[in-house]
Amino acid sequence: MKESSLKKRYATKLFASIISGVIGVIIIAIVPKAMGPIAYGQFVYLQQFFTKIIGFLDAGSSIAFFTKLSAKPERKELISFYFYYSLFVGLILTVFFYAVDQFGDIQAWFPDIDKGFIYWGIGFGFLTWFTQLCIKVSDAYALTVTVELIKILHKVLSLCLLIYFIYFLHFDLMKYFYFHIITLSIFIVWVMYLFISNSIITVQSMSFEFSKFKSIFSEFVSYCSPLLIYSLAGLSVGLFDIWLLQSISGSVETGFYGLAYSLATMCFIFTGAMTPIITREFSKSFEKNDLLTMGELFNRYIPMLYSLAAYFAIFIAFQSDNVLAIFTDAEFKDAYLVLVVMAFYPIHQTYGQLSGSIFYATGQTALYRNIGLISMLLGFLLTLFLVYILELNALGLAFKMIISQIIGVNIQLYFNVKFLKLSMYRFLWHQIYAVVFFTIAAGLSSMFVEFSSPLVSFIVSGFIYTSLVIIGLLIYPKLFSVTEKEIQYGIVKTKGFLPF
């Protein structure tokens with residue numbers, strides 16, 4: 001199987017991410033308004049709840065799976081092992097909550113939510129996780145280009161189906177779950193067919209061999225056992241966060257938090273596309289004991305993707321009122337300050353994703369766990385103080401997310417640059433001056449622009465902002481971790497596409 005180049009895989013994944021981002025924006029523009037703050041808040045709660053539960057049952061094993069498969073794609077027994085493990089996770093999840101429903105007080109877990117929606121939430125959470133596993137397999141086998149093209153077509157068809165659900169049916173929370181279950185199932189079947197066609201999955205490779213599975217299980221336990229306490233702490237703190245917000249503030253504030261989070265994550269379009277590809281390259285380089293290449297990749301792409309995330313995130317923060325006016329209605333106007341704060345979340349999340357992949361690629365899961373526990377303890381205390389004591393509701397949870405993430409990510413960074421023998425100062429200084437630059441540019445572009453139409457104000461401000469950023473890039477290329485020669489080459493290539 002011929003492997004596509006890193007640039008081609010990133011370009012395709014980036015293009016698919018842009019399409020997904022555009023469709024995601026459309027979904028945010030129509031779904032919350034169609035459902036209303038209460039139903040949308042209930043969906044956000046169920047989504048967050050089961051994402052965290054499955055994250056605990058995953059316990060870092062999906063990253064171990066991806067890392068090991070990327071390093072040695074010929075180990076197809078990993079696919080069959082993890083397939084059966086995923087089915088086990090789905091079974092455990094269903095049986096546990098059925099037991100709670102029959103013998104306990106399930107409403108205490110899901111305040112202000114009809115228990116009929118809980119099982120749909122389980123199905124949605126499991127299929128979302130399983131979809132991500134399919135994408136990991138495609139990235140490990142460098143099928144990124146094909147699968148991303150499938151994702152594009154799937155997203156477009158899914159949007160058409162959603163529009164039909166909203167405008168031709170009586171749209172509610174149940175219909176939204178129907179939509180997700182149908183579309184996720186179609187994608188999984190589609191990608192499975194691709195794997196079978198490329199002989200990645202065969203009848204022989206999917207056979208259950210106890211002796212082989214026992215060996216793989218021991219391998220995964222050795223890799224993931226340091227993460228067990230981390231996963232348990234992550235589950236406890238994550239569920240506590242969303243449960244406390246739902247219990248104290250209600251579904252409306254949970255909806256505000258979910259909306260702000262969804263809008264903020266649009267900034268992951270560029271950084272999210274690169275994360276699995278870079279993780280794969282880290283794994284391959286470490287397998288060859290090539291720390292020099294790992295250092296070059298880290299030194300090159302971490303600041304670049306950080307600046308890309310900051311470029312989008314800081315502009316969204318300054319344009320929060322216009323963004324909400326464009327995508328929602330008056331029922332969501334009080335989410336303004338939550339979005340201002342949450343917009344900063346993707347900036348350091350970029351560090352978290354890429355820096356964290358170093359720990360997984362090198363097997364330093366115990367160190368990753370210890371750093372995570374410190375960050376989670378801080379986050380738990382911040383949630384108590386900001387949400388429970390100060391009663392800042394969704395705004396308090398947004399502040400907690402930003403503060404704990406910045407601290408935790410920079411602790412990770414310290415150990416990574418030490419391992420790769422890089423300069424910590426360079427990364428810290430870049431974090432500061434990049435945010436300062438984008439803040440000034442966003443402030444200037446928003447200060448003197450005010451039209452009656454929020455959309456026009458957003459577009460005009462965006463044009464001025466981007467122009468200022470381009471000027472800054474030409475003056476100081478290191479802002480985006482590029483060189484003057486690369487900029488000159490990019491200008492020449494761009495001119496080649498112009499008709500004049």
# chains A, B, ... in the order shown; residues from 1 in each chain; ligands from 1
$ residues_around --residues "A:Leu173" --least-positions-apart "5" --cutoff "9 Å" --atoms "only C-alpha atoms" --output "count of residues only"
7
$ atom_distance --atom1 "atom CA of A:Thr466" --atom2 "atom CA of A:Leu428"
24.1 Å
$ atom_distance --atom1 "atom CA of A:Val338" --atom2 "atom CA of A:Leu395"
4.8 Å
$ residues_around --residues "A:Phe380" --least-positions-apart "3" --cutoff "12 Å" --atoms "only C-alpha atoms" --output "PyMOL selection string"
chain A and resi 233-242+244+373-377+383-388+396-397+400-401+403-404
$ closest_residue --among "A:Leu232, A:Gln47, A:Tyr301, A:Ala34" --to "A:Tyr167" --atoms "only C-alpha atoms"
A:Ala34
$ residues_around --residues "A:Phe315" --least-positions-apart "3" --cutoff "10 Å" --atoms "only C-alpha atoms" --output "list of chain:residue names"
A:Ala310, A:Tyr311, A:Phe312, A:Phe318, A:Gln319, A:Ser320, A:Val340, A:Ala343, A:Phe344, A:Phe438, A:Thr439, A:Ala441, A:Ala442, A:Gly443, A:Ser445, A:Ser446, A:Phe458, A:Ser461, A:Gly462, A:Tyr465, A:Thr466
$ write_last_selection --atoms "N, CA and C atoms" --output "tab-separated table (two decimals), in the first residue's frame"
chain	number	residue	atom	x	y	z
A	310	ALA	N	-4.70	30.59	18.00
A	310	ALA	CA	-4.86	31.91	18.61
A	310	ALA	C	-5.46	32.91	17.62
A	311	TYR	N	-5.08	32.80	16.35
A	311	TYR	CA	-5.61	33.69	15.30
A	311	TYR	C	-7.13	33.63	15.28
A	312	PHE	N	-7.69	32.44	15.30
A	312	PHE	CA	-9.15	32.29	15.25
A	312	PHE	C	-9.78	32.59	16.60
A	318	PHE	N	-13.34	38.58	20.67
A	318	PHE	CA	-13.69	39.99	20.46
A	318	PHE	C	-15.01	40.16	19.70
A	319	GLN	N	-15.41	39.16	18.97
A	319	GLN	CA	-16.62	39.24	18.16
A	319	GLN	C	-17.77	38.42	18.75
A	320	SER	N	-17.69	38.11	20.03
A	320	SER	CA	-18.67	37.20	20.65
A	320	SER	C	-20.11	37.67	20.47
A	340	VAL	N	-16.92	34.69	25.38
A	340	VAL	CA	-15.70	35.50	25.43
A	340	VAL	C	-14.57	34.73	26.12
A	343	ALA	N	-13.71	31.15	24.31
A	343	ALA	CA	-13.02	31.29	23.02
A	343	ALA	C	-11.51	31.09	23.16
A	344	PHE	N	-10.97	31.33	24.36
A	344	PHE	CA	-9.53	31.15	24.57
A	344	PHE	C	-9.15	29.69	24.79
A	438	PHE	N	-2.18	39.04	18.61
A	438	PHE	CA	-3.53	38.79	18.09
A	438	PHE	C	-4.58	39.59	18.84
A	439	THR	N	-4.35	39.82	20.14
A	439	THR	CA	-5.29	40.63	20.93
A	439	THR	C	-5.31	42.07	20.43
A	441	ALA	N	-4.40	43.12	17.42
A	441	ALA	CA	-4.97	43.12	16.06
A	441	ALA	C	-6.48	42.98	16.10
A	442	ALA	N	-7.00	42.09	16.95
A	442	ALA	CA	-8.45	41.89	17.05
A	442	ALA	C	-9.13	43.12	17.65
A	443	GLY	N	-8.46	43.72	18.66
A	443	GLY	CA	-9.02	44.92	19.26
A	443	GLY	C	-9.11	46.08	18.29
A	445	SER	N	-9.21	45.91	14.98
A	445	SER	CA	-10.13	45.61	13.88
A	445	SER	C	-11.59	45.70	14.31
A	446	SER	N	-11.84	45.56	15.62
A	446	SER	CA	-13.22	45.61	16.12
A	446	SER	C	-13.61	46.99	16.64
A	458	PHE	N	-18.97	41.49	11.37
A	458	PHE	CA	-18.07	40.36	11.55
A	458	PHE	C	-17.14	40.21	10.34
A	461	SER	N	-14.69	43.33	10.03
A	461	SER	CA	-13.68	43.24	11.09
A	461	SER	C	-12.70	42.10	10.80
A	462	GLY	N	-13.23	41.00	10.29
A	462	GLY	CA	-12.38	39.86	9.96
A	462	GLY	C	-11.39	40.17	8.86
A	465	TYR	N	-8.75	42.47	10.40
A	465	TYR	CA	-7.95	41.64	11.32
A	465	TYR	C	-6.96	40.77	10.55
A	466	THR	N	-7.44	40.09	9.53
A	466	THR	CA	-6.57	39.21	8.74
A	466	THR	C	-5.48	40.01	8.05
$ closest_residue --among "A:Tyr176, A:Phe126, A:Lys155, A:Leu184" --to "A:Ile53" --atoms "only C-alpha atoms"
A:Phe126
$ residues_around --residues "A:Ile475" --least-positions-apart "5" --cutoff "10 Å" --atoms "only C-alpha atoms" --output "list in words"
Val469, Ile470 and Glu484 of chain A
$ write_last_selection --atoms "N, CA and C atoms" --output "short mmCIF file (atom, residue, chain, number, x, y, z; two decimals), in the first residue's frame"
data_model
loop_
_atom_site.label_atom_id
_atom_site.label_comp_id
_atom_site.auth_asym_id
_atom_site.auth_seq_id
_atom_site.Cartn_x
_atom_site.Cartn_y
_atom_site.Cartn_z
N VAL A 469 -2.84 40.74 10.53
CA VAL A 469 -2.08 39.53 10.83
C VAL A 469 -1.09 39.22 9.72
N ILE A 470 -1.50 39.40 8.47
CA ILE A 470 -0.60 39.16 7.34
C ILE A 470 0.59 40.11 7.38
N GLU A 484 11.51 33.44 6.23
CA GLU A 484 11.27 34.38 5.13
C GLU A 484 11.26 33.67 3.78
#
